[in-house]
Structure formats: C-alpha cells, structure tokens
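Coordinates from coords.txt are shown below (compact mmCIF, C-alpha atoms).
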# COMPACT_ATOMS: atom_id res chain seq x y z
CA MET A 989 14.01 -32.21 10.68
CA ASN A 990 16.37 -32.91 13.60
CA LYS A 991 15.46 -34.03 17.10
CA ASN A 992 15.64 -30.55 18.65
CA LYS A 993 13.36 -29.14 15.94
CA ILE A 994 10.81 -31.91 16.55
CA MET A 995 10.83 -31.27 20.30
CA GLN A 996 10.49 -27.51 19.72
CA TRP A 997 7.45 -27.82 17.46
CA THR A 998 5.87 -30.54 19.61
CA GLY A 999 6.13 -28.44 22.77
CA PHE A 1000 4.84 -25.38 20.98
CA GLY A 1001 1.89 -27.31 19.56
CA LEU A 1002 0.92 -28.84 22.91
CA VAL A 1003 0.99 -25.50 24.73
CA LEU A 1004 -0.96 -23.80 21.95
CA ILE A 1005 -3.63 -26.54 21.86
CA VAL A 1006 -4.14 -26.55 25.65
CA ALA A 1007 -4.30 -22.74 25.83
CA LEU A 1008 -6.82 -22.52 23.00
CA ALA A 1009 -8.87 -25.38 24.49
CA ILE A 1010 -9.21 -23.57 27.83
CA SER A 1011 -10.19 -20.34 26.08
CA TRP A 1012 -12.66 -22.23 23.84
CA PHE A 1013 -14.30 -23.93 26.84
CA SER A 1014 -14.57 -20.66 28.78
CA MET A 1015 -16.18 -18.75 25.90
CA ALA A 1016 -18.54 -21.59 24.96
CA THR A 1017 -19.70 -22.00 28.57
CA MET A 1018 -20.16 -18.25 28.97
CA ALA A 1019 -22.18 -18.01 25.76
CA MET A 1020 -24.53 -20.84 26.80
CA ASP A 1021 -24.92 -20.09 30.53
CA PHE A 1022 -25.10 -16.30 30.53
CA PHE A 1023 -26.15 -15.33 27.01
CA HIS A 1024 -28.30 -18.42 26.29
CA LEU A 1025 -26.89 -19.00 22.83
CA PRO A 1026 -27.44 -22.34 21.06
CA ALA A 1027 -24.66 -24.84 21.57
CA TRP A 1028 -23.63 -24.90 17.92
CA ILE A 1029 -23.09 -21.12 17.98
CA ALA A 1030 -21.52 -21.06 21.44
CA TYR A 1031 -18.86 -23.55 20.43
CA ALA A 1032 -17.84 -21.30 17.54
CA VAL A 1033 -17.45 -18.11 19.59
CA SER A 1034 -13.82 -18.84 20.40
CA VAL A 1035 -13.04 -19.21 16.70
CA ALA A 1036 -14.22 -15.66 16.10
CA PHE A 1037 -11.64 -14.33 18.56
CA ASP A 1038 -8.74 -16.77 19.00
CA GLY A 1039 -8.95 -18.12 15.45
CA ALA A 1040 -9.07 -14.63 13.97
CA ALA A 1041 -6.10 -13.59 16.11
CA ILE A 1042 -4.01 -16.51 14.82
CA TYR A 1043 -5.03 -15.88 11.22
CA VAL A 1044 -4.12 -12.20 11.39
CA ALA A 1045 -0.83 -13.06 13.12
CA VAL A 1046 0.07 -15.32 10.19
CA LEU A 1047 -0.97 -12.54 7.79
CA SER A 1048 1.29 -10.05 9.57
CA SER A 1049 4.21 -12.46 9.20
CA GLU A 1050 3.62 -12.54 5.43
CA TYR A 1051 3.67 -8.74 5.38
CA ALA A 1052 7.10 -8.83 7.02
CA LYS A 1053 8.48 -10.67 3.97
CA THR A 1054 7.41 -7.90 1.57
CA GLU A 1055 7.98 -4.18 1.23
CA ASP A 1056 4.57 -3.43 2.76
CA SER A 1057 3.99 -2.51 6.38
CA GLY A 1058 2.42 -5.09 8.71
CA LEU A 1059 1.46 -2.65 11.44
CA ILE A 1060 -2.32 -2.94 11.01
CA PRO A 1061 -2.40 -6.79 11.14
CA ARG A 1062 -0.23 -6.72 14.28
CA LEU A 1063 -2.56 -4.22 15.94
CA VAL A 1064 -5.57 -6.35 15.01
CA THR A 1065 -3.86 -9.42 16.48
CA MET A 1066 -3.28 -7.67 19.81
CA LEU A 1067 -6.87 -6.39 19.78
CA MET A 1068 -8.28 -9.88 19.23
CA VAL A 1069 -6.09 -11.44 21.91
CA GLY A 1070 -6.99 -8.67 24.35
CA ALA A 1071 -10.73 -9.08 23.66
CA SER A 1072 -10.51 -12.85 24.20
CA ALA A 1073 -8.64 -12.42 27.49
CA TRP A 1074 -11.10 -9.79 28.70
CA LEU A 1075 -14.13 -11.99 27.96
CA ASN A 1076 -12.56 -14.92 29.81
CA TRP A 1077 -11.78 -12.60 32.73
CA GLN A 1078 -15.41 -11.47 32.84
CA HIS A 1079 -16.58 -15.09 32.67
CA ALA A 1080 -14.58 -15.96 35.78
CA SER A 1081 -15.90 -12.84 37.49
CA LEU A 1082 -19.53 -13.78 36.71
CA MET A 1083 -18.93 -17.23 38.18
CA GLY A 1084 -17.50 -15.65 41.36
CA LEU A 1085 -14.15 -17.44 41.09
CA GLY A 1086 -12.10 -14.53 42.44
CA ILE A 1087 -8.78 -13.21 41.17
CA ALA A 1088 -7.24 -16.68 40.88
CA GLY A 1089 -10.04 -17.83 38.59
CA GLN A 1090 -9.92 -14.65 36.55
CA VAL A 1091 -6.21 -15.04 35.90
CA PHE A 1092 -6.70 -18.76 35.19
CA PHE A 1093 -9.23 -18.10 32.41
CA ALA A 1094 -7.68 -14.88 31.03
CA ALA A 1095 -4.10 -16.13 30.77
CA PRO A 1096 -4.47 -18.87 28.04
CA PRO A 1097 -5.28 -16.57 25.08
CA ILE A 1098 -2.47 -14.22 26.11
CA ILE A 1099 -0.03 -17.15 26.35
CA ALA A 1100 -1.13 -18.46 22.96
CA GLY A 1101 -0.77 -15.02 21.38
CA ILE A 1102 2.72 -14.45 22.82
CA LEU A 1103 3.99 -17.90 21.80
CA PHE A 1104 2.60 -17.53 18.30
CA GLU A 1105 4.11 -14.07 17.94
CA LEU A 1106 7.55 -15.24 19.10
CA MET A 1107 7.46 -18.24 16.78
CA LEU A 1108 6.53 -16.10 13.79
CA LYS A 1109 9.22 -13.55 14.63
CA PHE A 1110 11.86 -16.30 14.73
CA GLU A 1111 10.79 -17.77 11.39
CA ASN A 1112 10.44 -14.32 9.78
CA ARG A 1113 13.90 -13.36 10.95
CA LYS A 1114 15.43 -16.35 9.19
CA GLU A 1115 13.50 -15.61 6.01
CA LEU A 1116 14.45 -11.93 6.02
CA ARG A 1117 18.10 -12.81 6.63
CA LYS A 1118 18.05 -15.06 3.55
CA ARG A 1119 16.67 -12.17 1.49
CA GLY A 1120 19.33 -9.77 2.76
CA ARG A 1121 16.86 -7.54 4.60
CA VAL A 1122 18.54 -7.97 8.01
CA ALA A 1123 21.55 -5.79 8.71
CA GLN A 1124 24.78 -7.46 9.70
CA SER A 1125 25.87 -7.20 13.31
CA MET A 1126 28.34 -4.47 14.13
CA PRO A 1127 32.01 -5.40 14.70
CA VAL A 1128 33.03 -6.09 18.30
CA PHE A 1129 35.95 -3.94 19.40
CA GLY A 1130 35.93 -5.18 22.99
CA LYS A 1131 35.78 -3.41 26.34
CA ALA A 1132 39.49 -2.68 26.36
CA ALA A 1133 39.23 -0.66 23.13
CA TRP A 1134 36.29 1.37 24.41
CA LEU A 1135 38.04 2.07 27.74
CA ARG A 1136 41.50 2.80 26.34
CA TYR A 1137 40.59 4.56 23.07
CA PRO A 1138 36.92 5.63 23.32
CA VAL A 1139 37.16 8.38 20.70
CA ASP A 1140 39.03 6.26 18.14
CA THR A 1141 36.69 3.33 18.72
CA PHE A 1142 33.66 5.56 18.20
CA LYS A 1143 35.16 6.93 14.98
CA SER A 1144 35.88 3.41 13.72
CA MET A 1145 32.31 2.37 14.46
CA SER A 1146 31.03 5.44 12.60
CA ASN A 1147 33.25 4.63 9.60
CA VAL A 1148 31.82 1.11 9.42
CA ILE A 1149 28.25 2.44 9.53
CA LYS A 1150 29.01 5.08 6.87
CA TRP A 1151 30.67 2.50 4.59
CA ARG A 1152 27.67 0.17 4.86
CA LEU A 1153 25.31 3.08 4.18
CA ASP A 1154 27.21 4.02 1.01
CA LYS A 1155 27.30 0.39 -0.13
CA VAL A 1156 23.55 -0.15 0.33
CA THR A 1157 22.78 3.16 -1.37
CA GLN A 1158 24.91 2.22 -4.36
CA GLN A 1159 23.27 -1.21 -4.66
CA GLU A 1160 19.75 0.21 -4.49
CA THR A 1161 20.30 3.15 -6.84
CA GLY A 1162 22.58 1.28 -9.25
CA HIS A 1163 25.07 4.14 -9.61
CA GLY A 1164 27.68 6.02 -7.68
CA GLN A 1165 31.23 5.25 -6.65
CA GLU A 1166 32.34 2.30 -4.57
CA PRO A 1167 32.27 3.11 -0.83
CA THR A 1168 35.72 3.93 0.43
CA GLY A 1169 37.19 4.30 3.86
CA GLN A 1170 38.92 7.32 5.36
CA PRO A 1171 41.60 8.89 3.12
CA VAL A 1172 45.14 7.88 3.97
CA SER A 1173 47.69 10.59 4.67
CA GLY A 1174 50.24 10.95 1.90
CA GLN A 1175 48.03 9.62 -0.91
CA MET A 1176 47.22 11.61 -4.02
CA ASN A 1177 43.78 13.16 -4.33
CA MET A 1178 41.57 11.99 -7.20
CA ASP A 1179 38.48 13.65 -8.63
CA THR A 1180 35.33 11.86 -9.82
CA SER A 1181 36.69 11.42 -13.33
CA GLY A 1182 39.66 9.41 -12.08
CA GLN A 1183 42.29 12.10 -12.93
CA VAL A 1184 45.22 12.51 -10.58
CA ASP A 1185 45.82 15.80 -8.78
CA LYS A 1186 49.15 17.04 -7.59
CA PRO A 1187 50.88 14.61 -5.24
CA GLU A 1188 51.16 15.36 -1.57
CA LYS A 1189 54.40 15.05 0.31
CA ALA A 1190 54.81 12.76 3.29
CA THR A 1191 57.97 12.44 5.39
CA GLY A 1192 59.94 14.49 2.88
CA GLN A 1193 59.29 12.15 -0.05
CA THR A 1194 56.79 12.31 -2.89
CA ARG A 1195 54.50 9.30 -3.21
CA VAL A 1196 53.14 8.58 -6.66
CA THR A 1197 49.84 6.74 -6.73
CA PRO A 1198 49.04 4.90 -9.98
CA LYS A 1199 46.03 6.00 -11.96
CA ARG A 1200 42.93 4.03 -11.05
CA THR A 1201 40.06 3.35 -13.41
CA VAL A 1202 36.63 3.03 -11.83
CA LYS A 1203 34.64 0.28 -13.51
CA LYS A 1204 31.09 1.34 -14.23
CA VAL A 1205 28.28 -1.18 -14.15
CA SER A 1206 25.66 -0.55 -16.82
CA THR A 1207 22.26 -2.12 -17.40
CA PRO A 1208 22.12 -4.41 -20.48
CA THR A 1209 20.27 -3.07 -23.49
CA VAL A 1210 17.08 -4.61 -24.81
CA GLN A 1211 18.94 -6.23 -27.70
CA GLU A 1212 21.55 -7.74 -25.35
CA LEU A 1213 18.81 -9.10 -23.12
CA GLU A 1214 16.99 -10.62 -26.10
CA ASP A 1215 20.21 -12.26 -27.29
CA SER A 1216 21.05 -13.62 -23.81
CA PHE A 1217 17.50 -14.63 -22.87
CA PRO A 1218 15.61 -15.31 -26.14
CA GLU A 1219 12.73 -16.93 -24.27
CA LEU A 1220 11.98 -13.65 -22.41
CA THR A 1221 10.13 -11.17 -24.62
CA ALA A 1222 8.31 -7.88 -24.12
CA ASP A 1223 4.98 -9.61 -24.77
CA MET A 1224 5.29 -11.49 -21.47
CA SER A 1225 3.87 -10.11 -18.24
CA ILE A 1226 6.04 -8.44 -15.63
CA ALA A 1227 5.59 -11.38 -13.25
CA LYS A 1228 6.69 -13.94 -15.85
CA LEU A 1229 9.69 -11.85 -16.84
CA ALA A 1230 10.80 -11.49 -13.22
CA GLN A 1231 10.35 -15.19 -12.58
CA GLY A 1232 12.21 -16.01 -15.80
CA PHE A 1233 15.28 -13.99 -14.79
CA TYR A 1234 15.12 -15.54 -11.31
CA ARG A 1235 15.16 -19.02 -12.83
CA GLN A 1236 18.24 -18.01 -14.81
CA GLY A 1237 20.10 -17.50 -11.52
CA ILE A 1238 19.66 -13.74 -11.08
CA GLU A 1239 18.58 -13.42 -7.42
CA SER A 1240 19.11 -9.67 -6.89
CA ARG A 1241 15.70 -7.97 -6.95
CA PRO A 1242 17.06 -4.55 -8.05
CA GLU A 1243 18.96 -6.25 -10.90
CA ILE A 1244 15.81 -8.09 -12.00
CA GLN A 1245 13.93 -4.77 -11.82
CA LYS A 1246 16.44 -3.11 -14.16
CA ARG A 1247 16.26 -5.91 -16.71
CA VAL A 1248 12.46 -6.12 -16.69
CA SER A 1249 12.18 -2.32 -16.96
CA ALA A 1250 14.55 -2.39 -19.95
CA ILE A 1251 12.48 -5.03 -21.74
CA LYS A 1252 9.09 -3.44 -20.96
CA GLY A 1253 10.35 0.06 -21.77
CA GLN A 1254 8.98 1.52 -18.56
CA GLU A 1255 9.91 1.80 -14.90
CA VAL A 1256 8.73 -1.29 -13.02
CA SER A 1257 8.15 -1.09 -9.25
CA LEU A 1258 10.60 -3.02 -7.08
CA ASN A 1259 7.69 -4.12 -4.92
CA THR A 1260 6.10 -5.79 -7.95
CA ILE A 1261 9.33 -7.67 -8.66
CA CYS A 1262 9.59 -8.86 -5.05
CA LYS A 1263 6.00 -10.13 -5.06
CA SER A 1264 6.49 -11.95 -8.37
CA VAL A 1265 9.63 -13.72 -7.18
CA LYS A 1266 8.02 -14.52 -3.85
CA ARG A 1267 5.16 -16.33 -5.59
CA LEU A 1268 7.75 -18.44 -7.40
CA GLU A 1269 9.55 -19.31 -4.17
CA ALA A 1270 6.33 -20.21 -2.32

This entry written out as structure tokens:
Amino acid sequence: MNKNKIMQWTGFGLVLIVALAISWFSMATMAMDFFHLPAWIAYAVSVAFDGAAIYVAVLSSEYAKTEDSGLIPRLVTMLMVGASAWLNWQHASLMGLGIAGQVFFAAPPIIAGILFELMLKFENRKELRKRGRVAQSMPVFGKAAWLRYPVDTFKSMSNVIKWRLDKVTQQETGHGQEPTGQPVSGQMNMDTSGQVDKPEKATGQTRVTPKRTVKKVSTPTVQELEDSFPELTADMSIAKLAQGFYRQGIESRPEIQKRVSAIKGQEVSLNTICKSVKRLEA
C-alpha cells in the first residue's frame, strides 16, 4: 500500500469514527435523559441505526458485484441514515439548542453515510471494471469535429455504439457473425453462407474481393472436455466444476457456463457460475 493510499484510508477512518462517535453520544444521551432507558441499552441505540446502515451499505456493495439488484439494500441504507439524522435533530430540538445545534447533531450520520457510500462506489467500480462489467469510454472526436462535421461525427459515434452492441451480444449468446463496420463502396456483397454475389463496379473497374471463410466457434463436446480436463467429471457439483475450469485459466463466465452445461447435460444459470467463481476469488 503506497503513501497516498495510507493517507486516504487514514483520513476516511478518522472522519468516520468522529462522525459515528457524535451520533452515538447524541442517541445515548437522548435515550437516557428523555426516554429513561438503562445505560447499557442507551449506549447500544446508535448501533441499531448507524451500525445497521453501514452493514447494509456493505451488503449493497456485494450485490453490485453479482447479477442481482442491490436497490433494496441501498434504500434501506438511506432509510437508516435518515432515521439517525432525524433522531439527532430532535435531540437538539428537545435540548433547545436552536438550528445550529440541530445541524450539528444531525450532520454526522449523513456525513458518515455519504463518505461510506462514495468509498464503496469507488471500490466497486474497480472490481466491476476487472470483471468487464463497466463499459469502455466513448472515443473523443474533439470539439472541432463536432463543429465542422456534426452529422458525420454523430454517425461515427453511432457506428461505434452499434459495433460494441453487436460484439457484446455475440459474446453473451455465443453465436452470430463478427460485428462489422459500415459497408465500403465498391466491395462485393456476401450472404450469411460466405458465398460471393455479383461484383459491383466502382470508378469504371470491377473489384474482385476474395472469398472469406467465417470461423465458427463451437462448444467442446463432453468427451473432449473429459479428455482435456480428466479431473472434472459429471459427478462433481456445479460450483466445483466452475471453480475447476477457472483454475485452469478460463476466466470468461459465459465460456465456463457452456462447459459446465455440457458436462452436466443441462442448462446452468450464468448467475450460478458467477457466484461460484466469486467464492473462489474471495
């Protein structure tokens, strides 16, 4: 861990500890002075709100690494932080501290929640980028291109988006043709079988395009898989099979899904494969 990373985590930890300490003191004092709760219960009130908010925030970050939605944990986090801030606000109001005191006591849980959320977002973003779940940034054409050729620039941007869409679709479905760009004038048209149509004429000459063979990628058969990976058998669980292929250097989740489905003789969910590999990486 470099110096900047140490300073970042140290500053984050100090701010989080101070914010939670102020919120803990406010709730404990409020519970004892106004609700007459025993001290051992009053000191634990803050844990029920601030601690639960932090726990659910961490849980929502784990959801972001899977195929499942993390909307509910995020909503619960905001609800807990909001309840903690409201109670601290009411505590300052009961003590007659005015607006300054209300903001002073209500701000710490909000600050802690925002800092924790930003930190988790940053870490999740790095993890998702490693897994290929973050889209690449769009190419930069520059202001001059947009001002001088706005229509052509927009078309180029659309072509890039369409090419990426076709590429992702092909990777996920495991079939289809390679994504191609816009057809070039003067080239020969080809059908899906790779046969050549009649050539088109450009500038008075006939251009002959050589026949192109499209290489098809097929899923290995069960026998091929058994010969290549003798230690992976159909008697093993789906999780062990997925982890076994991952240890062999196959990192693509859809590819692991195809191989496991071929061995088990049934369609295996991609979400199950992702969870199995994630447990191995943890």

Mind giving me the axis-aligned box for range 1069-1080 of chain A with 6 Å on every side, centre plus edges in Å to one decimal, as JSON?
{"center_x": -11.3, "center_y": -12.3, "center_z": 28.8, "size_x": 22.5, "size_y": 19.3, "size_z": 25.9}

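Nearest to Val1033 in chain A of all the residues A:Ser1225, A:Ser1011, A:Ser1081, A:Ser1049 is A:Ser1011, counting all atoms listed in the file.
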
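Proximity of A:Trp1074, A:Phe1023, A:Phe1093, A:Trp1028 to Leu1008 in chain A, computed with only C-alpha atoms, is greatest for A:Phe1093.
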
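Compared by their closest atoms to Ala1123 in chain A, and using all atoms listed in the file, the residues A:Ala1036, A:Leu1085, A:Arg1152, A:Ala1250 rank with A:Arg1152 nearest.
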
Practice prompt. Scan for residues within 9 Å of the point (-8.1, -9.8, 16.4) in the coordinates of the file, using only C-alpha atoms, and reply as a PyMOL selection string.
Written response: chain A and resi 1036-1045+1061-1072

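Distance-wise, CA of Arg1113 in chain A and CA of Ser1125 in chain A end up 13.7 Å apart.
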
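One distance worth recording is that between CA of Val1091 in chain A and CA of Met1020 in chain A, which is 21.3 Å.
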
Worksheet, complete the sentence: Expressed in Å, the length from CA of Gln1124 in chain A to CA of Leu1258 in chain A is 22.4 Å

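The residue set within 12 Å of Met1018 in chain A, counting only C-alpha atoms and dropping same-chain residues fewer than 3 places from it, reads Ser1011, Trp1012, Phe1013, Ser1014, Met1015, Asp1021, Phe1022, Phe1023, His1024, Leu1025, Pro1026, Ala1027, Ile1029, Ala1030, Tyr1031, Val1033, Ser1034, Leu1075, Asn1076, Trp1077, Gln1078, His1079, Ala1080, Ser1081, Leu1082, Met1083 and Phe1093 of chain A.
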
Worksheet entry | Long-range neighbours of range 1226-1241 of chain A as a PyMOL selection string, 9 Å cut-off, all atoms listed in the file, 5 positions minimum in chain | chain A and resi 1217+1219-1221+1246-1249+1251-1252+1256+1258+1260-1265+1267-1268

Selected residues written out, C-alpha atoms, as a short mmCIF file (atom, residue, chain, number, x, y, z; two decimals), in the coordinates of the input:
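Final output, saved to out36.cif:
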data_model
loop_
_atom_site.label_atom_id
_atom_site.label_comp_id
_atom_site.auth_asym_id
_atom_site.auth_seq_id
_atom_site.Cartn_x
_atom_site.Cartn_y
_atom_site.Cartn_z
CA PHE A 1217 17.50 -14.63 -22.87
CA GLU A 1219 12.73 -16.93 -24.27
CA LEU A 1220 11.98 -13.65 -22.41
CA THR A 1221 10.13 -11.17 -24.62
CA LYS A 1246 16.44 -3.11 -14.16
CA ARG A 1247 16.26 -5.91 -16.71
CA VAL A 1248 12.46 -6.12 -16.69
CA SER A 1249 12.18 -2.32 -16.96
CA ILE A 1251 12.48 -5.03 -21.74
CA LYS A 1252 9.09 -3.44 -20.96
CA VAL A 1256 8.73 -1.29 -13.02
CA LEU A 1258 10.60 -3.02 -7.08
CA THR A 1260 6.10 -5.79 -7.95
CA ILE A 1261 9.33 -7.67 -8.66
CA CYS A 1262 9.59 -8.86 -5.05
CA LYS A 1263 6.00 -10.13 -5.06
CA SER A 1264 6.49 -11.95 -8.37
CA VAL A 1265 9.63 -13.72 -7.18
CA ARG A 1267 5.16 -16.33 -5.59
CA LEU A 1268 7.75 -18.44 -7.40
#

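Between Gln996 in chain A and the residues A:Ala1222, A:Ala1073, A:Met1107, A:Ile1244, the shortest atom-to-atom distance, using only C-alpha atoms, involves A:Met1107.
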